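The structure appears right after this line, and notes come after that.
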Amino acid sequence: MKKVAGLRAKLTKTAIDKIAPPSAGKIIVWDADQAGFGVVVTAQGVKSWIINYRTRDGRQRRLVLGRCDRLTADQARTAARAKLAEVDLGGDPVTERKETRARLRMAALLDQYITDEMPRRKRASTVRLHTGQIERYIRPHLGGMAVAEVSREDIRALHRRITDNGGAITANRMVSLLSAILSYAIEIGCITDNPAFRFPRHSEQPRRRYLSLEEIARVMADINASPAQDSADVVRLLLFTGARVGEVLSMRWDNIDFERAVWSKPASATKQKRDHHAPLTDDALALLRARRRANAGEWVFPARYSPTGHLTSIRVFWNQVCKRAKIADCHIHDLRHTFASLAARQGVPLQVVGGLLGHSDHKTTSRYLHLYDDPLRAGAAAVAGIIKREK
């Protein structure tokens, strides 16, 4: 750990906010009043309260009390005094914490992950999804074990059980989630190794389900006749924009710039955790203007009894549309794939398609590369035609 000698300050919120992260490693700023009490700052900008002390046998210890964005300076200073008092009485808070965490049960770890870790790192929709997976698959099988007891064989047995009952893809997703949970356990000091890391998964093929033009016509005819026009407008916007369904459902009016014809999606609402400015076509703008005239609230798709204030799902509506329109094996997310496929078949460059979809990684967009066969073939034929004329 990188330590800057003599770096001291009266640790207040204002002082801490002014501490710039180092270019690499970590720096520590010690409190000018309380000996052994300080703040450690990482190159990523994470700031945490710490104490330094020596045990009675002379070993130096460092204990992280908590992050500065979760504990106030007064709360951290009070906690530091209490822990340092334990040291004066012969205690060793670091060893005690390690021993406590070593006894932590999976059930308690799952509770902590759900309430503390997931809300900080994941979107609300992902929190709901992962909480459901934890309660359905992980807690019943592993909840009664100590975290340190979970083995690769336990994970293999759970993966096999879900494969037999829930499917190969569901089993893979469970392992990925469990690996994230156990990585969190390493972060908080419960364990040192992650038995789910690089666990072998079933091979997966990405979905390539796109609606044909004839299927799109059937869908549009059905939603045009539906009395549930709020949900119908969600489907229309999915086809007009290629957005994710969660992005559309959580759309706010202050995200829409009608003059510039741009939908500014905040990082908090996008999967890639980056702001995304998506162009809006005339059809999308016309739909939004009509909704704006009928709704002056905060949300484009408000829902009176929803805890979020807006619609959170149209799954039932979409399933009914598919049934009536005789559309087989089409998930709501496949409307995004349909948008991309139509753009590709019109010769829109792959990089532009990725920009429209908000992809941050070109590898994600490359799944649509096979859709360029016809435009590429047409381009090659055009070149061949020119060559033949020059003979």
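Residue names in the structure tokens use chain letters A, B, ... in the order shown, residue numbers from 1 in each chain, and ligand numbers from 1 in the order shown.
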As a ChimeraX atom specification, which residues of region 18-137 of chain A does DSSP assign to helix (DSSP H, G or I)?
/A:73-88,93-102,106-121,124-137
Selection: 8 Å around region 193-208 of chain A, only C-alpha atoms, excl. self and same-chain fewer than 6 positions, as an MDAnalysis selection string
chainID A and resid 150:152 155 168:169 172 175:176 178:179 182:183 186 337 367
Convert the current residue selection to file output with N, CA and C atoms, as a short mmCIF file (atom, residue, chain, number, x, y, z; two decimals), in the first residue's frame.
```
data_model
loop_
_atom_site.label_atom_id
_atom_site.label_comp_id
_atom_site.auth_asym_id
_atom_site.auth_seq_id
_atom_site.Cartn_x
_atom_site.Cartn_y
_atom_site.Cartn_z
N VAL A 150 -18.39 -24.05 1.09
CA VAL A 150 -18.91 -24.26 -0.27
C VAL A 150 -17.78 -24.70 -1.18
N SER A 151 -17.96 -25.84 -1.82
CA SER A 151 -16.91 -26.42 -2.65
C SER A 151 -17.33 -26.44 -4.11
N ARG A 152 -16.37 -26.76 -4.94
CA ARG A 152 -16.64 -26.88 -6.37
C ARG A 152 -17.63 -28.02 -6.63
N ILE A 155 -21.13 -26.79 -6.10
CA ILE A 155 -21.57 -25.98 -7.24
C ILE A 155 -21.91 -26.88 -8.42
N ALA A 168 -30.30 -25.63 -19.25
CA ALA A 168 -28.86 -25.39 -19.29
C ALA A 168 -28.52 -23.91 -19.14
N ILE A 169 -29.27 -23.04 -19.80
CA ILE A 169 -28.97 -21.61 -19.74
C ILE A 169 -29.20 -21.08 -18.33
N ASN A 172 -26.33 -22.04 -16.19
CA ASN A 172 -25.17 -21.17 -16.44
C ASN A 172 -25.31 -19.82 -15.74
N VAL A 175 -24.57 -20.03 -12.04
CA VAL A 175 -23.15 -20.11 -11.72
C VAL A 175 -22.50 -18.73 -11.81
N SER A 176 -22.87 -17.97 -12.82
CA SER A 176 -22.32 -16.62 -12.95
C SER A 176 -22.69 -15.76 -11.75
N LEU A 178 -23.57 -16.87 -8.72
CA LEU A 178 -22.90 -17.41 -7.54
C LEU A 178 -21.44 -17.00 -7.52
N SER A 179 -20.80 -16.95 -8.67
CA SER A 179 -19.41 -16.52 -8.73
C SER A 179 -19.27 -15.07 -8.28
N LEU A 182 -19.61 -15.00 -4.46
CA LEU A 182 -18.41 -15.49 -3.78
C LEU A 182 -17.23 -14.55 -3.96
N SER A 183 -17.20 -13.81 -5.07
CA SER A 183 -16.17 -12.78 -5.22
C SER A 183 -16.40 -11.67 -4.19
N ILE A 186 -15.00 -12.79 -0.96
CA ILE A 186 -13.55 -12.56 -0.90
C ILE A 186 -13.27 -11.10 -0.55
N HIS A 337 -33.43 -7.32 -31.51
CA HIS A 337 -32.72 -8.03 -32.57
C HIS A 337 -33.35 -7.73 -33.93
N ARG A 367 -22.58 -10.06 -33.46
CA ARG A 367 -23.54 -11.15 -33.63
C ARG A 367 -24.41 -10.94 -34.86
#
```
Listing only residues of region 132-248 of chain A within 12 Å of region 59-79 of chain A, what is the closest atom pair and its distance in Å (to one decimal) for each, using only C-alpha atoms, sorted by chain and residue number ascending, as JSON lines?
```
{"residue": "A:Glu187", "atom": "CA", "partner": "A:Val64", "partner_atom": "CA", "distance": 11.7}
{"residue": "A:Ile188", "atom": "CA", "partner": "A:Val64", "partner_atom": "CA", "distance": 9.9}
{"residue": "A:Gly189", "atom": "CA", "partner": "A:Val64", "partner_atom": "CA", "distance": 11.0}
```
Can those selected residues be exported to a file as an mmCIF file, in the first residue's frame so that it contains C-alpha atoms?
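Full text of selection_22.cif as output:
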```cif
data_model
loop_
_atom_site.group_PDB
_atom_site.id
_atom_site.type_symbol
_atom_site.label_atom_id
_atom_site.label_comp_id
_atom_site.auth_asym_id
_atom_site.auth_seq_id
_atom_site.Cartn_x
_atom_site.Cartn_y
_atom_site.Cartn_z
ATOM 1 C CA GLU A 187 -13.828 -8.762 -0.954
ATOM 2 C CA ILE A 188 -15.249 -8.632 2.576
ATOM 3 C CA GLY A 189 -12.737 -11.163 3.888
#
```
Tell me, as a tab-separated table (two decimals) with C-alpha atoms, in the first residue's frame, which residues lie within 6 Å of region 93-108 of chain A, counting only C-alpha atoms; anything in the same chain fewer than 5 positions away does not count.
```tsv
chain	number	residue	atom	x	y	z
A	63	LEU	CA	-8.80	-2.30	9.77
A	143	GLY	CA	-28.03	-21.38	2.37
A	145	MET	CA	-23.66	-24.01	4.68
A	146	ALA	CA	-20.81	-21.88	5.96
A	147	VAL	CA	-19.39	-19.74	3.18
A	190	CYS	CA	-14.86	-14.31	4.32
```
Non-local contacts of region 304-321 of chain A (10 Å; only C-alpha atoms; under 4 positions in same chain excluded) as a PyMOL selection string:
chain A and resi 124-125+218-223+226+228+230-232+234-235+245-246+248-252+298-300+325-332
Distance table requested - region 130-243 of chain A against region 342-354 of chain A, cut-off 10 Å, only C-alpha atoms: one row per qualifying residue with the closest atom pair and its distance in Å to one decimal, ordered by chain and rising residue number, as CSV.
```
residue,atom,partner,partner_atom,distance
A:Tyr210,CA,A:Leu342,CA,8.9
A:Leu211,CA,A:Leu342,CA,9.3
A:Ser212,CA,A:Leu342,CA,9.2
A:Leu213,CA,A:Leu342,CA,9.1
A:Leu239,CA,A:Leu342,CA,9.9
A:Gly242,CA,A:Val353,CA,9.5
```
Go ahead and save the picked residues with C-alpha atoms, as a PDB file, in the first residue's frame.
```pdb
ATOM      1  CA  TYR A 210     -35.815 -11.859 -35.822  1.00  0.00           C
ATOM      2  CA  LEU A 211     -39.329 -11.066 -36.920  1.00  0.00           C
ATOM      3  CA  SER A 212     -39.925 -11.253 -40.656  1.00  0.00           C
ATOM      4  CA  LEU A 213     -41.677  -8.390 -42.437  1.00  0.00           C
ATOM      5  CA  LEU A 239     -39.376  -1.505 -32.962  1.00  0.00           C
ATOM      6  CA  GLY A 242     -34.098  -0.956 -30.923  1.00  0.00           C
TER       7      GLY A 242
END
```
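Minimum atom-to-atom distances from A:Arg236, A:Arg173, A:Arg120, A:His277 to Ile134 (chain A) were compared using only C-alpha atoms, and the lowest value belongs to A:Arg173.
The two atoms in question, CA of Leu280 (chain A) and CA of Arg260 (chain A), are spaced 8.8 Å apart.
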Give me the residues near Ala286 (chain A) as a VMD selection string, where near means some atom within 12 Å (using only C-alpha atoms) and where sequence neighbours in that chain fewer than 4 positions away do not count.
chain A and resid 233 236 to 237 240 258 261 280 to 282 290 to 293
Those selected residues, please, written with C-alpha atoms and delivered as a PDB file, in the first residue's frame.
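Printed below is selection-v5.pdb as written:
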```pdb
ATOM      1  CA  ASP A 233     -46.838   2.030 -27.564  1.00  0.00           C
ATOM      2  CA  ARG A 236     -43.920   0.382 -31.167  1.00  0.00           C
ATOM      3  CA  LEU A 237     -41.026   2.226 -29.530  1.00  0.00           C
ATOM      4  CA  PHE A 240     -38.705   2.166 -33.777  1.00  0.00           C
ATOM      5  CA  PHE A 258     -38.101  17.038 -29.140  1.00  0.00           C
ATOM      6  CA  ALA A 261     -35.012  14.527 -31.866  1.00  0.00           C
ATOM      7  CA  LEU A 280     -35.556   9.481 -32.650  1.00  0.00           C
ATOM      8  CA  THR A 281     -37.301   8.980 -35.962  1.00  0.00           C
ATOM      9  CA  ASP A 282     -40.369  10.937 -37.061  1.00  0.00           C
ATOM     10  CA  ALA A 290     -49.233  12.140 -28.684  1.00  0.00           C
ATOM     11  CA  ARG A 291     -48.395  10.628 -25.318  1.00  0.00           C
ATOM     12  CA  ARG A 292     -47.092  13.948 -24.039  1.00  0.00           C
ATOM     13  CA  ARG A 293     -50.396  15.653 -24.831  1.00  0.00           C
TER      14      ARG A 293
END
```
Taking the chain letters and numbering used in this document, name the residues of region 96-289 of chain A that DSSP puts in strand (DSSP E or B), as a PyMOL selection string.
chain A and resi 105+146+252+256-257+262-265+276-279
For the selection just defined, write its residues with N, CA and C atoms to a file, as a PDB file, in the first residue's frame.
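Saved file selection_16.pdb follows:
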```pdb
ATOM      1  N   ARG A 105     -22.461 -17.801   7.549  1.00  0.00           N
ATOM      2  CA  ARG A 105     -23.251 -18.761   6.780  1.00  0.00           C
ATOM      3  C   ARG A 105     -23.632 -18.156   5.435  1.00  0.00           C
ATOM      4  N   ALA A 146     -21.736 -22.992   5.726  1.00  0.00           N
ATOM      5  CA  ALA A 146     -20.805 -21.885   5.961  1.00  0.00           C
ATOM      6  C   ALA A 146     -20.204 -21.495   4.614  1.00  0.00           C
ATOM      7  N   ARG A 252     -38.195   8.868 -19.132  1.00  0.00           N
ATOM      8  CA  ARG A 252     -38.732  10.091 -18.535  1.00  0.00           C
ATOM      9  C   ARG A 252     -38.882  11.169 -19.596  1.00  0.00           C
ATOM     10  N   ILE A 256     -36.204  13.359 -23.127  1.00  0.00           N
ATOM     11  CA  ILE A 256     -36.565  13.529 -24.533  1.00  0.00           C
ATOM     12  C   ILE A 256     -36.352  14.980 -24.950  1.00  0.00           C
ATOM     13  N   ASP A 257     -35.538  15.172 -25.990  1.00  0.00           N
ATOM     14  CA  ASP A 257     -35.349  16.497 -26.594  1.00  0.00           C
ATOM     15  C   ASP A 257     -36.080  16.496 -27.934  1.00  0.00           C
ATOM     16  N   VAL A 262     -33.743  13.664 -29.985  1.00  0.00           N
ATOM     17  CA  VAL A 262     -32.764  12.813 -29.308  1.00  0.00           C
ATOM     18  C   VAL A 262     -33.348  12.313 -27.983  1.00  0.00           C
ATOM     19  N   TRP A 263     -33.125  11.053 -27.723  1.00  0.00           N
ATOM     20  CA  TRP A 263     -33.478  10.443 -26.438  1.00  0.00           C
ATOM     21  C   TRP A 263     -32.180  10.228 -25.677  1.00  0.00           C
ATOM     22  N   SER A 264     -31.991  10.952 -24.577  1.00  0.00           N
ATOM     23  CA  SER A 264     -30.776  10.853 -23.775  1.00  0.00           C
ATOM     24  C   SER A 264     -31.030   9.882 -22.627  1.00  0.00           C
ATOM     25  N   LYS A 265     -30.457   8.696 -22.757  1.00  0.00           N
ATOM     26  CA  LYS A 265     -30.619   7.684 -21.715  1.00  0.00           C
ATOM     27  C   LYS A 265     -29.512   7.860 -20.676  1.00  0.00           C
ATOM     28  N   HIS A 276     -26.263   7.328 -23.120  1.00  0.00           N
ATOM     29  CA  HIS A 276     -26.446   6.978 -24.532  1.00  0.00           C
ATOM     30  C   HIS A 276     -27.457   7.931 -25.140  1.00  0.00           C
ATOM     31  N   HIS A 277     -27.060   8.613 -26.188  1.00  0.00           N
ATOM     32  CA  HIS A 277     -27.928   9.572 -26.863  1.00  0.00           C
ATOM     33  C   HIS A 277     -28.410   8.937 -28.175  1.00  0.00           C
ATOM     34  N   ALA A 278     -29.669   8.553 -28.193  1.00  0.00           N
ATOM     35  CA  ALA A 278     -30.225   7.819 -29.326  1.00  0.00           C
ATOM     36  C   ALA A 278     -31.093   8.742 -30.175  1.00  0.00           C
ATOM     37  N   PRO A 279     -30.916   8.695 -31.486  1.00  0.00           N
ATOM     38  CA  PRO A 279     -31.763   9.514 -32.364  1.00  0.00           C
ATOM     39  C   PRO A 279     -33.189   8.975 -32.405  1.00  0.00           C
TER      40      PRO A 279
END
```
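Nearest residue to Lys83 (chain A) among A:Gln112, A:Asn52, A:Thr241, A:Gln44 is A:Asn52, counting only C-alpha atoms.
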